[in-house]
$ cat final.txt   # compact mmCIF, C-alpha atoms
# COMPACT_ATOMS: atom_id res chain seq x y z
CA MET A 212 45.44 -47.99 -63.54
CA LYS A 213 46.34 -51.25 -65.09
CA ARG A 214 49.36 -52.15 -67.09
CA LEU A 215 48.76 -53.28 -70.62
CA THR A 216 50.02 -56.87 -70.58
CA ILE A 217 46.42 -57.97 -71.16
CA LEU A 218 46.18 -55.63 -74.12
CA ILE A 219 48.99 -57.48 -75.84
CA SER A 220 47.28 -60.82 -75.34
CA MET A 221 44.02 -59.43 -76.69
CA LEU A 222 45.27 -57.45 -79.64
CA PHE A 223 48.79 -58.44 -80.59
CA VAL A 224 49.05 -59.49 -84.22
CA ALA A 225 51.74 -61.90 -85.37
CA VAL A 226 54.04 -59.75 -87.45
CA MET A 227 57.20 -61.76 -87.81
CA VAL A 228 58.27 -61.13 -91.36
CA THR A 229 61.10 -63.62 -91.47
CA ALA A 230 62.24 -66.81 -89.78
CA GLN A 231 65.68 -65.26 -89.32
CA THR A 232 66.95 -65.47 -85.71
CA SER A 233 68.71 -62.60 -83.95
CA LYS A 234 72.04 -64.43 -84.30
CA GLU A 235 71.79 -63.99 -88.06
CA ILE A 236 70.84 -60.30 -88.00
CA ASN A 237 73.40 -58.13 -89.74
CA PHE A 238 72.86 -54.58 -88.55
CA ASP A 239 75.53 -53.16 -90.84
CA GLN A 240 73.58 -54.62 -93.74
CA TYR A 241 70.40 -53.03 -92.42
CA ALA A 242 72.15 -49.67 -92.23
CA LYS A 243 73.17 -50.03 -95.87
CA LYS A 244 69.61 -50.96 -96.86
CA VAL A 245 68.29 -47.85 -95.11
CA GLU A 246 70.89 -45.74 -96.88
CA LYS A 247 69.89 -47.24 -100.22
CA SER A 248 66.19 -46.67 -99.50
CA ASN A 249 66.91 -43.04 -98.60
CA ALA A 250 68.62 -42.60 -101.95
CA GLU A 251 65.74 -44.25 -103.83
CA ILE A 252 63.10 -41.90 -102.41
CA GLN A 253 65.25 -38.98 -103.53
CA ASP A 254 65.52 -40.39 -107.06
CA PRO A 255 62.94 -38.65 -109.34
CA LYS A 256 62.53 -41.81 -111.42
CA LYS A 257 61.90 -44.10 -108.45
CA ASN A 258 60.05 -41.95 -105.96
CA THR A 259 56.99 -41.76 -108.19
CA LYS A 260 56.51 -45.54 -108.06
CA ASP A 261 54.36 -47.05 -105.33
CA ALA A 262 56.64 -50.12 -105.33
CA THR A 263 59.54 -47.98 -104.09
CA TRP A 264 57.54 -46.79 -101.10
CA ILE A 265 56.06 -50.23 -100.35
CA LYS A 266 59.56 -51.69 -100.36
CA ARG A 267 60.70 -48.96 -97.97
CA GLY A 268 57.76 -49.58 -95.65
CA GLU A 269 58.48 -53.31 -95.65
CA LEU A 270 62.11 -52.58 -94.78
CA MET A 271 61.13 -50.39 -91.85
CA ILE A 272 58.75 -53.05 -90.49
CA ASP A 273 61.50 -55.66 -90.72
CA LEU A 274 64.00 -53.28 -89.14
CA PHE A 275 61.71 -52.60 -86.17
CA ASP A 276 61.44 -56.33 -85.56
CA ALA A 277 65.19 -56.76 -85.99
CA GLN A 278 65.99 -54.00 -83.51
CA ILE A 279 64.16 -55.92 -80.77
CA LEU A 280 65.98 -59.07 -81.96
CA ARG A 281 62.78 -60.85 -83.06
CA ALA A 282 61.61 -61.01 -79.43
CA TYR A 283 57.97 -60.70 -78.43
CA VAL A 284 55.91 -60.13 -75.30
CA GLY A 285 55.29 -63.32 -73.33
CA MET A 286 58.42 -65.08 -74.62
CA ASP A 287 59.88 -67.43 -72.00
CA PRO A 288 63.63 -67.45 -71.21
CA ASN A 289 64.30 -70.77 -72.97
CA THR A 290 62.66 -69.63 -76.21
CA PHE A 291 64.49 -66.31 -75.83
CA THR A 292 67.83 -68.10 -75.67
CA LEU A 293 67.00 -70.15 -78.78
CA VAL A 294 65.66 -67.23 -80.85
CA VAL A 295 67.57 -64.23 -79.52
CA GLY A 296 70.65 -65.76 -77.91
CA LYS A 297 72.39 -65.65 -74.55
CA PRO A 298 72.55 -62.27 -72.84
CA ILE A 299 75.85 -60.50 -72.35
CA GLN A 300 74.81 -59.82 -68.78
CA GLN A 301 71.94 -61.00 -66.61
CA GLU A 302 70.83 -59.39 -63.36
CA LYS A 303 67.82 -58.89 -61.08
CA VAL A 304 66.41 -55.38 -60.87
CA GLU A 305 63.51 -53.88 -58.98
CA VAL A 306 61.05 -51.75 -60.94
CA ASP A 307 58.05 -50.23 -59.17
CA GLY A 308 58.48 -52.70 -56.35
CA VAL A 309 58.53 -55.70 -58.70
CA GLN A 310 61.55 -57.98 -59.12
CA LEU A 311 62.44 -58.38 -62.81
CA ASP A 312 65.13 -60.36 -64.61
CA LYS A 313 67.11 -58.03 -66.86
CA TYR A 314 68.84 -59.50 -69.91
CA VAL A 315 71.41 -57.14 -71.38
CA MET A 316 72.16 -57.55 -75.09
CA GLU A 317 74.46 -55.47 -77.26
CA ARG A 318 71.66 -53.29 -78.64
CA VAL A 319 68.68 -53.82 -76.36
CA ASN A 320 67.76 -54.62 -72.75
CA PHE A 321 64.97 -57.10 -72.02
CA TYR A 322 62.96 -57.47 -68.82
CA PHE A 323 61.26 -60.69 -67.71
CA ASN A 324 58.53 -60.88 -65.09
CA ASN A 325 57.64 -64.31 -63.69
CA GLY A 326 59.33 -66.09 -66.57
CA GLN A 327 57.76 -64.02 -69.36
CA LEU A 328 59.19 -61.18 -71.41
CA GLU A 329 57.35 -58.04 -70.34
CA ARG A 330 59.28 -55.08 -71.80
CA TRP A 331 62.41 -53.92 -73.56
CA GLU A 332 64.57 -50.87 -74.21
CA VAL A 333 66.41 -50.42 -77.50
CA THR A 334 69.75 -48.88 -76.53
CA LYS A 335 71.45 -48.79 -79.95
CA PRO A 336 68.92 -48.36 -82.77
CA VAL A 337 69.91 -48.47 -86.43
CA ILE A 338 67.32 -45.76 -86.99
CA ASP A 339 64.82 -43.96 -84.78
CA LYS A 340 61.08 -44.57 -85.13
CA PRO A 341 61.11 -47.05 -88.01
CA LEU A 342 57.35 -47.63 -87.60
CA ASP A 343 56.62 -43.97 -88.31
CA LEU A 344 58.79 -44.17 -91.42
CA ALA A 345 56.91 -47.31 -92.48
CA LEU A 346 53.57 -45.53 -92.09
CA GLU A 347 54.80 -42.51 -94.06
CA SER A 348 55.98 -44.84 -96.81
CA PHE A 349 52.69 -46.75 -97.05
CA MET A 350 50.72 -43.50 -97.05
CA LYS A 351 52.84 -42.28 -99.96
CA ALA A 352 52.26 -45.57 -101.79
CA ILE A 353 48.49 -45.21 -101.31
CA GLU A 354 48.69 -41.68 -102.72
CA ILE A 355 50.55 -42.90 -105.82
CA ASP A 356 48.50 -46.06 -106.37
CA THR A 357 45.40 -44.28 -107.66
CA LYS A 358 44.17 -47.37 -109.54
CA GLY A 359 44.39 -49.61 -106.46
CA LYS A 360 46.66 -52.23 -108.05
CA SER A 361 48.66 -52.60 -104.81
CA THR A 362 45.66 -52.43 -102.46
CA LYS A 363 45.83 -56.04 -101.24
CA LYS A 364 49.54 -55.87 -100.55
CA LEU A 365 49.17 -52.56 -98.76
CA GLN A 366 46.32 -53.90 -96.65
CA GLU A 367 48.49 -56.80 -95.49
CA TYR A 368 51.35 -54.51 -94.53
CA LEU A 369 49.09 -52.01 -92.79
CA VAL A 370 47.57 -54.76 -90.63
CA LYS A 371 51.09 -55.86 -89.67
CA LEU A 372 52.01 -52.27 -88.92
CA LYS A 373 48.98 -51.88 -86.65
CA GLY A 374 50.07 -54.95 -84.69
CA LEU A 375 53.55 -53.56 -84.25
CA TYR A 376 52.21 -50.21 -83.08
CA VAL A 377 50.08 -52.03 -80.49
CA ASN A 378 53.20 -53.90 -79.43
CA GLU A 379 55.26 -50.72 -79.24
CA GLY A 380 52.55 -48.72 -77.49
CA SER A 381 52.09 -51.41 -74.85
CA ASN A 382 55.83 -51.54 -74.28
CA GLN A 383 56.02 -47.74 -73.98
CA TYR A 384 53.13 -47.84 -71.50
CA THR A 385 54.92 -50.43 -69.37
CA LEU A 386 58.05 -48.25 -69.43
CA LYS A 387 55.84 -45.33 -68.31
CA ASP A 388 56.47 -43.46 -71.54
CA TYR A 389 52.80 -42.57 -71.61
CA LYS A 390 53.16 -39.85 -74.23
CA GLY A 391 54.94 -42.29 -76.53
CA ALA A 392 52.24 -44.90 -75.88
CA PHE A 393 49.56 -42.34 -76.73
CA GLU A 394 51.27 -41.53 -80.03
CA SER A 395 51.57 -45.23 -80.89
CA PHE A 396 47.92 -45.98 -80.11
CA LYS A 397 46.89 -42.92 -82.11
CA LYS A 398 48.72 -44.41 -85.08
CA VAL A 399 46.83 -47.70 -84.67
CA ILE A 400 43.57 -45.76 -84.88
CA GLU A 401 44.82 -43.64 -87.77
CA ILE A 402 45.74 -46.73 -89.78
CA GLY A 403 42.49 -48.50 -88.95
CA THR A 404 40.38 -45.58 -90.14
CA LEU A 405 42.10 -45.39 -93.53
CA PRO A 406 39.54 -46.11 -96.30
CA ILE A 407 41.81 -48.90 -97.52
CA LEU A 408 41.19 -50.78 -94.23
CA ASN A 409 38.16 -49.21 -92.52
CA GLN A 410 38.62 -51.05 -89.22
CA LYS A 411 37.33 -49.96 -85.82
CA ASP A 412 39.91 -50.62 -83.13
CA THR A 413 37.47 -50.26 -80.25
CA ALA A 414 39.69 -51.05 -77.26
CA ILE A 415 42.54 -48.92 -78.61
CA TYR A 416 40.46 -45.76 -78.19
CA TYR A 417 40.27 -46.49 -74.48
CA TYR A 418 43.99 -47.18 -74.14
CA ALA A 419 44.85 -44.10 -76.18
CA GLY A 420 42.74 -42.03 -73.80
CA LEU A 421 44.28 -43.70 -70.76
CA SER A 422 47.83 -43.12 -72.02
CA ALA A 423 47.08 -39.49 -72.81
CA GLN A 424 45.58 -38.99 -69.36
CA LEU A 425 48.59 -40.53 -67.62
CA ALA A 426 50.84 -38.30 -69.74
CA GLY A 427 48.95 -35.26 -68.45
CA LEU A 428 47.31 -34.64 -71.82
CA LEU A 429 43.85 -34.34 -70.32
CA GLU A 430 42.18 -32.42 -73.13
CA GLU A 431 43.50 -34.93 -75.65
CA SER A 432 42.30 -37.92 -73.60
CA ILE A 433 38.62 -36.93 -73.53
CA PRO A 434 37.72 -37.44 -77.23
CA TYR A 435 39.24 -40.92 -77.14
CA TYR A 436 37.25 -41.87 -74.04
CA GLN A 437 34.12 -40.48 -75.68
CA LYS A 438 34.74 -42.60 -78.77
CA SER A 439 35.41 -45.64 -76.60
CA ILE A 440 32.04 -45.14 -74.89
CA GLU A 441 30.35 -44.62 -78.27
CA LEU A 442 31.81 -47.91 -79.53
CA GLY A 443 30.77 -49.76 -76.39
CA PHE A 444 34.16 -50.40 -74.78
CA ALA A 445 33.84 -49.38 -71.12
CA ASN A 446 36.41 -51.69 -69.44
CA ASP A 447 33.93 -52.60 -66.68
CA GLY A 448 33.01 -48.95 -66.22
CA ALA A 449 36.56 -47.62 -65.86
CA VAL A 450 36.15 -45.35 -68.89
CA TYR A 451 33.35 -43.44 -67.11
CA PHE A 452 35.49 -42.81 -64.04
CA ASN A 453 38.53 -41.89 -66.11
CA ILE A 454 36.72 -39.37 -68.30
CA PHE A 455 35.16 -37.74 -65.24
CA ASP A 456 38.59 -37.61 -63.60
CA ALA A 457 40.01 -35.89 -66.68
CA TYR A 458 37.23 -33.30 -66.61
CA LYS A 459 37.64 -32.84 -62.87
CA ASN A 460 41.37 -32.15 -63.17
CA LEU A 461 40.58 -29.61 -65.87
CA ASN A 462 38.27 -27.92 -63.35
CA LYS A 463 35.29 -29.02 -65.44
CA GLY A 464 33.82 -31.56 -63.05
CA ASP A 465 30.28 -30.36 -63.76
CA GLU A 466 30.74 -31.29 -67.44
CA GLY A 467 31.99 -34.74 -66.48
CA LEU A 468 29.21 -35.49 -64.00
CA LYS A 469 26.95 -36.96 -66.69
CA TYR A 470 29.55 -39.67 -67.34
CA LEU A 471 29.58 -40.68 -63.66
CA GLU A 472 25.79 -40.85 -63.63
CA GLU A 473 25.66 -42.89 -66.84
CA GLY A 474 28.52 -45.08 -65.70
CA PHE A 475 26.89 -45.79 -62.37
CA ILE A 476 23.62 -46.86 -63.96
CA LYS A 477 25.45 -49.20 -66.35
CA TYR A 478 28.18 -50.38 -63.96
CA PRO A 479 26.84 -50.02 -60.41
CA LYS A 480 29.51 -52.37 -59.06
CA ASN A 481 32.34 -50.04 -60.10
CA THR A 482 33.32 -48.51 -56.77
CA ASN A 483 35.43 -45.75 -58.36
CA VAL A 484 32.34 -44.47 -60.13
CA LEU A 485 30.15 -44.84 -57.03
CA PHE A 486 32.59 -43.18 -54.63
CA SER A 487 33.29 -40.38 -57.10
CA LEU A 488 29.57 -39.67 -57.28
CA ILE A 489 29.38 -39.59 -53.49
CA SER A 490 32.43 -37.33 -53.25
CA TYR A 491 31.04 -35.05 -55.96
CA TYR A 492 27.80 -34.50 -54.07
CA ILE A 493 29.66 -34.00 -50.78
CA ASP A 494 32.00 -31.42 -52.38
CA LYS A 495 28.96 -29.64 -53.76
CA GLN A 496 27.45 -29.76 -50.25
CA GLU A 497 24.58 -31.82 -51.57
CA ASP A 498 23.09 -34.95 -50.07
CA PRO A 499 25.02 -37.99 -51.37
CA THR A 500 21.92 -40.12 -50.86
CA LYS A 501 20.70 -38.49 -54.08
CA ILE A 502 22.52 -41.38 -55.69
CA LEU A 503 19.77 -43.62 -54.31
CA VAL A 504 17.55 -42.06 -56.95
CA TYR A 505 19.79 -43.57 -59.64
CA ILE A 506 20.02 -46.90 -57.85
CA ASP A 507 16.27 -47.22 -57.30
CA LYS A 508 15.58 -46.12 -60.86
CA ALA A 509 17.94 -48.82 -62.12
CA ILE A 510 16.34 -51.41 -59.79
CA GLU A 511 12.93 -50.61 -61.26
CA THR A 512 14.34 -51.52 -64.66
CA GLU A 513 16.34 -54.54 -63.45
CA PRO A 514 14.80 -55.83 -60.20
CA ASN A 515 16.88 -59.02 -60.31
CA ASN A 516 20.22 -57.28 -60.77
CA SER A 517 22.19 -58.25 -57.66
CA SER A 518 24.89 -55.66 -58.43
CA LEU A 519 22.39 -52.84 -57.98
CA TYR A 520 21.52 -54.01 -54.46
CA PHE A 521 25.23 -54.42 -53.77
CA ALA A 522 25.81 -50.82 -54.89
CA LYS A 523 22.99 -49.69 -52.64
CA GLY A 524 24.58 -51.54 -49.73
CA THR A 525 27.97 -50.01 -50.53
CA LEU A 526 26.46 -46.53 -50.49
CA TYR A 527 24.80 -47.05 -47.12
CA ASP A 528 28.00 -48.68 -45.85
CA ARG A 529 30.00 -45.65 -46.96
CA LEU A 530 27.52 -43.34 -45.22
CA GLY A 531 27.75 -45.32 -41.98
CA ASP A 532 24.23 -46.74 -42.17
CA GLY A 533 25.02 -50.34 -41.32
CA GLU A 534 21.41 -51.47 -40.92
CA ASN A 535 20.34 -50.47 -44.43
CA ALA A 536 23.65 -51.66 -45.84
CA LEU A 537 23.05 -55.10 -44.32
CA GLU A 538 19.55 -55.28 -45.76
CA ALA A 539 20.76 -54.39 -49.26
CA TYR A 540 23.70 -56.82 -49.17
CA LYS A 541 21.39 -59.64 -48.06
CA LYS A 542 19.07 -58.86 -50.96
CA ALA A 543 22.05 -59.12 -53.34
CA ILE A 544 22.85 -62.56 -51.90
CA GLU A 545 19.21 -63.63 -52.16
CA ILE A 546 19.35 -62.91 -55.89
CA ASP A 547 22.86 -64.27 -56.39
CA PRO A 548 23.89 -66.90 -53.79
CA ASN A 549 27.48 -66.78 -55.14
CA PHE A 550 28.01 -63.02 -54.76
CA PHE A 551 31.42 -62.97 -53.06
CA ASP A 552 31.61 -59.21 -52.48
CA ALA A 553 28.22 -59.13 -50.75
CA TYR A 554 29.15 -61.98 -48.37
CA TYR A 555 32.51 -60.39 -47.67
CA ASN A 556 31.05 -56.94 -47.01
CA ILE A 557 28.46 -58.33 -44.59
CA GLY A 558 31.25 -60.17 -42.79
CA ALA A 559 33.27 -56.95 -42.75
CA LEU A 560 30.34 -54.99 -41.31
CA TYR A 561 30.09 -57.34 -38.34
CA PHE A 562 33.87 -57.62 -38.02
CA ASN A 563 34.33 -53.84 -37.94
CA LYS A 564 31.60 -53.51 -35.30
CA GLY A 565 33.55 -56.00 -33.21
CA VAL A 566 36.73 -53.96 -33.64
CA LYS A 567 34.92 -50.81 -32.50
CA TYR A 568 33.75 -52.55 -29.33
CA ILE A 569 37.33 -53.62 -28.62
CA GLU A 570 38.56 -50.05 -29.16
CA GLU A 571 35.87 -48.83 -26.78
CA ALA A 572 36.76 -51.51 -24.23
CA ASN A 573 40.43 -50.54 -24.33
CA LYS A 574 39.47 -47.05 -23.16
CA VAL A 575 37.65 -48.35 -20.08
CA PRO A 576 39.52 -47.73 -16.78
CA ALA A 577 40.98 -50.87 -15.22
CA ARG A 578 38.71 -50.62 -12.18
CA GLU A 579 35.57 -50.90 -14.35
CA LEU A 580 36.08 -54.56 -15.14
CA ASP A 581 32.40 -55.37 -15.61
CA LYS A 582 32.02 -52.68 -18.26
CA TYR A 583 35.16 -53.95 -20.01
CA ASP A 584 33.90 -57.54 -19.99
CA ALA A 585 30.49 -56.46 -21.34
CA LEU A 586 32.09 -54.63 -24.26
CA MET A 587 34.40 -57.56 -25.02
CA GLU A 588 31.39 -59.88 -24.96
CA LYS A 589 29.65 -57.65 -27.50
CA ALA A 590 32.80 -57.64 -29.63
CA ASN A 591 33.00 -61.42 -29.61
CA ALA A 592 29.32 -61.67 -30.55
CA GLU A 593 29.95 -59.47 -33.60
CA PHE A 594 33.00 -61.54 -34.61
CA LYS A 595 30.86 -64.66 -34.44
CA ASN A 596 28.19 -62.94 -36.53
CA SER A 597 30.90 -62.23 -39.09
CA MET A 598 32.13 -65.82 -39.18
CA PRO A 599 29.47 -67.54 -41.35
CA TYR A 600 29.53 -64.76 -43.95
CA MET A 601 33.32 -64.80 -44.19
CA GLU A 602 33.16 -68.59 -44.44
CA GLN A 603 30.68 -68.30 -47.31
CA ALA A 604 32.83 -65.66 -49.00
CA TYR A 605 35.78 -68.05 -48.76
CA LYS A 606 33.66 -70.89 -50.12
CA VAL A 607 32.73 -68.78 -53.16
CA ASN A 608 36.31 -67.59 -53.69
CA PRO A 609 38.97 -69.74 -51.95
CA ASN A 610 41.69 -67.57 -53.50
CA SER A 611 40.61 -64.43 -51.66
CA LYS A 612 43.49 -63.32 -49.44
CA GLU A 613 41.14 -60.91 -47.65
CA ALA A 614 38.65 -63.62 -46.68
CA VAL A 615 41.41 -65.98 -45.54
CA GLU A 616 43.05 -63.27 -43.44
CA ALA A 617 39.73 -62.30 -41.85
CA LEU A 618 38.92 -65.90 -40.96
CA LYS A 619 42.39 -66.43 -39.54
CA ASN A 620 41.92 -63.42 -37.24
CA ILE A 621 38.41 -64.46 -36.20
CA TYR A 622 39.36 -68.03 -35.35
CA PHE A 623 42.47 -66.80 -33.54
CA ARG A 624 40.18 -65.01 -31.07
CA PHE A 625 38.25 -68.20 -30.32
CA ARG A 626 41.06 -70.76 -30.61
CA ASN A 627 40.88 -71.54 -26.86
CA GLU A 628 37.12 -72.15 -26.87
CA SER A 629 37.23 -75.56 -28.49
CA GLN A 630 39.36 -77.95 -30.51
CA GLU A 631 37.24 -77.14 -33.57
CA MET A 632 38.06 -73.43 -33.28
CA LEU A 633 41.76 -74.21 -32.82
CA ASP A 634 41.74 -76.49 -35.87
CA LYS A 635 40.02 -73.78 -37.90
CA TYR A 636 42.61 -71.23 -36.81
CA ASN A 637 45.47 -73.55 -37.76
CA GLU A 638 43.82 -74.24 -41.12
CA PHE A 639 43.43 -70.59 -42.09
CA ASN A 640 46.75 -69.57 -40.58
CA GLU A 641 48.42 -72.10 -42.88
CA LYS A 642 46.40 -70.90 -45.88
CA ALA A 643 47.42 -67.30 -45.15
CA LYS A 644 51.09 -68.31 -45.06
CA GLN A 645 50.75 -70.09 -48.40
CA MET A 646 49.18 -67.01 -49.96

$ encode --input "final.txt" --output "C-alpha cells"
Amino acid sequence: MKRLTILISMLFVAVMVTAQTSKEINFDQYAKKVEKSNAEIQDPKKNTKDATWIKRGELMIDLFDAQILRAYVGMDPNTFTLVVGKPIQQEKVEVDGVQLDKYVMERVNFYFNNGQLERWEVTKPVIDKPLDLALESFMKAIEIDTKGKSTKKLQEYLVKLKGLYVNEGSNQYTLKDYKGAFESFKKVIEIGTLPILNQKDTAIYYYAGLSAQLAGLLEESIPYYQKSIELGFANDGAVYFNIFDAYKNLNKGDEGLKYLEEGFIKYPKNTNVLFSLISYYIDKQEDPTKILVYIDKAIETEPNNSSLYFAKGTLYDRLGDGENALEAYKKAIEIDPNFFDAYYNIGALYFNKGVKYIEEANKVPARELDKYDALMEKANAEFKNSMPYMEQAYKVNPNSKEAVEALKNIYFRFRNESQEMLDKYNEFNEKAKQM
C-alpha cells in the first residue's frame, strides 16, 4: 500500500501563520503563552468569551507549526537551511530499505528522501497534541458564538487546522504510526462536516480507512471505505480490494464479495481485484471462470473498452489458457494500439513458453542430442515470437525496466546470429545498466 507523499501534494493547505523563521522561535515564550492560555480558560470571566477560545486555538496552531520549526513536506535542503537552520548533526540512515538523510535538531529530527523533506519526529514538544487542543478550543468558540459573529474567522482557522491535520496524518502514516494517522484523518473529516464549513473531504475517507486497516482496526476501516466509494473516490479500484480484504480478515469474506464484483466491473484492470475474485472462487471450490460472466457483461456495455479485454486475457493467462489469453490481449491492442500491458503480456506469454522449452531440454539425457536440439529450436522460436511484442511495449513505454530487461535477455540469446542482434543486445544491456 502506498505511502502518502502524493496525498500531501494533493491536499496540503498552506498554513504558515507567520513569517518568523525557526531561528527566531522562542520556546520558553511559547511555554509561557500556553500557561497564560490555560489560566484564561479557567477564569470564569474569560472562559465564556468566544475570543478567549479563538485566541487559544490560534496559539495551538502556531505552536504546532513552531514545533516542527516551520518546515514542510517537500522542502529542499537549501531552503531548510535558510528557514530552519543548520542541523546539529547530519547522518544517513536506512528506513525500510530506503536511504534517507537525517537532520538532527535540538527538538526535532527531519528525514530527507531524494533531496526533499519527507517526514519528521518531534523529540522535545512544548505540549503534546496541540492540534487537538486547537480543535477543542474552536469547538468551544462555536458553542459560545450563538449569533455567528465570529463565523468567518472560525472558518479560516478551521480550514488551516484541516490542512495541518492532513500534514500530521501523512507524517504519522510515513512513520508507520497508522493509528495516529487514522485519528488525524478522522479529525479532518470531523472538521469538514461541521455545519460551519460543510465540506466533503472525499479522498480523506479513503486514507482514513487505509490507515485504520493498517493499524489493525478493520471494523473501523469499513465505514470509511464505504463512504469513499459513495463519494466516488476509488483510487483506481484499490478501495474495492481493500474493503474486501478487511471483510476477509474479519472472516466475513462473503459480505465483502459484492465489493470485489463491483470493483471488477468498474476497474477491470486492477489485478488485485481480479486475482482476489479468482482466489475467492477457488477457495469456495467454484469455477473461477465465473468471472467471465462479469467480463462479458461489461463488454456488452462497453465493447470498445480495451481494459476489459485485457482483464479477460489476464484471467485466461492466470488459468493457464494461453491461446484464449493471446486472443483477448490482441483484441485489447486492436482497440488501443498503445496498450503497454497488453503488448508486454503477449511478449511474456511467448517468452515464458520459451523458458519452459529450455527447462524441458535441460532434462533431456546427453545422448538424446536430437531431442535436445529440437526443444531448443522451439524455445528460440518462442523467444523470437516474443521479440516484436516486447519491442512494441518498449516503444510505448521506454521507461519500463521490465521491457528493457526482457529485450536484453532475448537479444543476448541471438547476439551471435548477426551484427544487428549483437547491436540490439548491446543497446538494451546499456539501457538496463542505466536503469

$ atom_distance --input "final.txt" --atom1 "atom CA of Ile400 of chain A" --atom2 "atom CA of Pro336 of chain A"
25.6 Å

$ atom_distance --input "final.txt" --atom1 "atom CA of Leu311 of chain A" --atom2 "atom CA of Asn453 of chain A"
29.2 Å

$ atom_distance --input "final.txt" --atom1 "atom CA of Glu534 of chain A" --atom2 "atom CA of Ala553 of chain A"
14.2 Å

$ residues_around --input "final.txt" --residues "Thr482 of chain A" --least-positions-apart "4" --cutoff "9 Å" --atoms "only C-alpha atoms" --output "short mmCIF file (atom, residue, chain, number, x, y, z; two decimals) with C-alpha atoms, keeping the file's coordinate frame"
data_model
loop_
_atom_site.label_atom_id
_atom_site.label_comp_id
_atom_site.auth_asym_id
_atom_site.auth_seq_id
_atom_site.Cartn_x
_atom_site.Cartn_y
_atom_site.Cartn_z
CA PHE A 475 26.89 -45.79 -62.37
CA PHE A 486 32.59 -43.18 -54.63
CA SER A 487 33.29 -40.38 -57.10
CA ALA A 522 25.81 -50.82 -54.89
CA THR A 525 27.97 -50.01 -50.53
#

$ axis_aligned_box --input "final.txt" --around "segment 278-291 of chain A" --padding-each-side "6 Å" --output "AutoDock Vina command-line options"
--center_x 60.6 --center_y -62.4 --center_z -77.4 --size_x 22.7 --size_y 28.8 --size_z 24.3

$ closest_residue --input "final.txt" --among "A:Ile454, A:Val294, A:Ile506, A:Ile544" --to "Tyr527 of chain A" --atoms "all atoms listed in the file"
A:Ile506

$ residues_around --input "final.txt" --residues "Ala423 of chain A" --least-positions-apart "4" --cutoff "9 Å" --atoms "only C-alpha atoms" --output "short mmCIF file (atom, residue, chain, number, x, y, z; two decimals) with C-alpha atoms, keeping the file's coordinate frame"
data_model
loop_
_atom_site.label_atom_id
_atom_site.label_comp_id
_atom_site.auth_asym_id
_atom_site.auth_seq_id
_atom_site.Cartn_x
_atom_site.Cartn_y
_atom_site.Cartn_z
CA TYR A 389 52.80 -42.57 -71.61
CA LYS A 390 53.16 -39.85 -74.23
CA ALA A 392 52.24 -44.90 -75.88
CA PHE A 393 49.56 -42.34 -76.73
CA GLU A 394 51.27 -41.53 -80.03
CA TYR A 418 43.99 -47.18 -74.14
CA ALA A 419 44.85 -44.10 -76.18
CA GLY A 427 48.95 -35.26 -68.45
CA LEU A 428 47.31 -34.64 -71.82
CA LEU A 429 43.85 -34.34 -70.32
CA GLU A 430 42.18 -32.42 -73.13
CA GLU A 431 43.50 -34.93 -75.65
CA SER A 432 42.30 -37.92 -73.60
CA ILE A 433 38.62 -36.93 -73.53
#

$ closest_residue --input "final.txt" --among "A:Lys335, A:Lys541, A:Lys438, A:Lys508" --to "Glu317 of chain A" --atoms "all atoms listed in the file"
A:Lys335

$ residues_around --input "final.txt" --residues "Tyr583 of chain A" --least-positions-apart "6" --cutoff "12 Å" --atoms "all atoms listed in the file" --output "PDB file with C-alpha atoms, in the coordinates of the input"
ATOM      1  CA  TYR A 568      33.750 -52.550 -29.330  1.00  0.00           C
ATOM      2  CA  ILE A 569      37.330 -53.620 -28.620  1.00  0.00           C
ATOM      3  CA  GLU A 570      38.560 -50.050 -29.160  1.00  0.00           C
ATOM      4  CA  GLU A 571      35.870 -48.830 -26.780  1.00  0.00           C
ATOM      5  CA  ALA A 572      36.760 -51.510 -24.230  1.00  0.00           C
ATOM      6  CA  ASN A 573      40.430 -50.540 -24.330  1.00  0.00           C
ATOM      7  CA  LYS A 574      39.470 -47.050 -23.160  1.00  0.00           C
ATOM      8  CA  VAL A 575      37.650 -48.350 -20.080  1.00  0.00           C
ATOM      9  CA  PRO A 576      39.520 -47.730 -16.780  1.00  0.00           C
ATOM     10  CA  ALA A 577      40.980 -50.870 -15.220  1.00  0.00           C
ATOM     11  CA  LYS A 589      29.650 -57.650 -27.500  1.00  0.00           C
ATOM     12  CA  ALA A 590      32.800 -57.640 -29.630  1.00  0.00           C
TER      13      ALA A 590
END

$ residues_near_point --input "final.txt" --point "(21.7, -46.4, -54.0)" --cutoff "9 Å" --atoms "only C-alpha atoms" --output "VMD selection string"
chain A and resid 479 500 to 507 519 to 527

$ closest_residue --input "final.txt" --among "A:Ile299, A:Val337, A:Ala352, A:Met316" --to "Lys243 of chain A" --atoms "all atoms listed in the file"
A:Val337

$ residues_around --input "final.txt" --residues "segment 457-467 of chain A" --least-positions-apart "6" --cutoff "12 Å" --atoms "all atoms listed in the file" --output "PyMOL selection string"
chain A and resi 420-437+450-451+473-474+484+487-488+490-492+494-495

$ residues_near_point --input "final.txt" --point "(68.5, -60.6, -83.5)" --cutoff "10 Å" --atoms "all atoms listed in the file" --output "PyMOL selection string"
chain A and resi 231-238+276-282+294-296+316+318-319

$ closest_residue --input "final.txt" --among "A:Tyr416, A:Tyr555, A:Tyr561, A:Phe594" --to "Val615 of chain A" --atoms "only C-alpha atoms"
A:Tyr555

$ residues_around --input "final.txt" --residues "segment 617-628 of chain A" --least-positions-apart "5" --cutoff "10 Å" --atoms "all atoms listed in the file" --output "ChimeraX atom specification"
/A:555,558-559,562,591,594-595,597-602,605,612,633-643

$ closest_residue --input "final.txt" --among "A:Gln410, A:Ser361, A:Asn563, A:Asn382" --to "Glu593 of chain A" --atoms "only C-alpha atoms"
A:Asn563
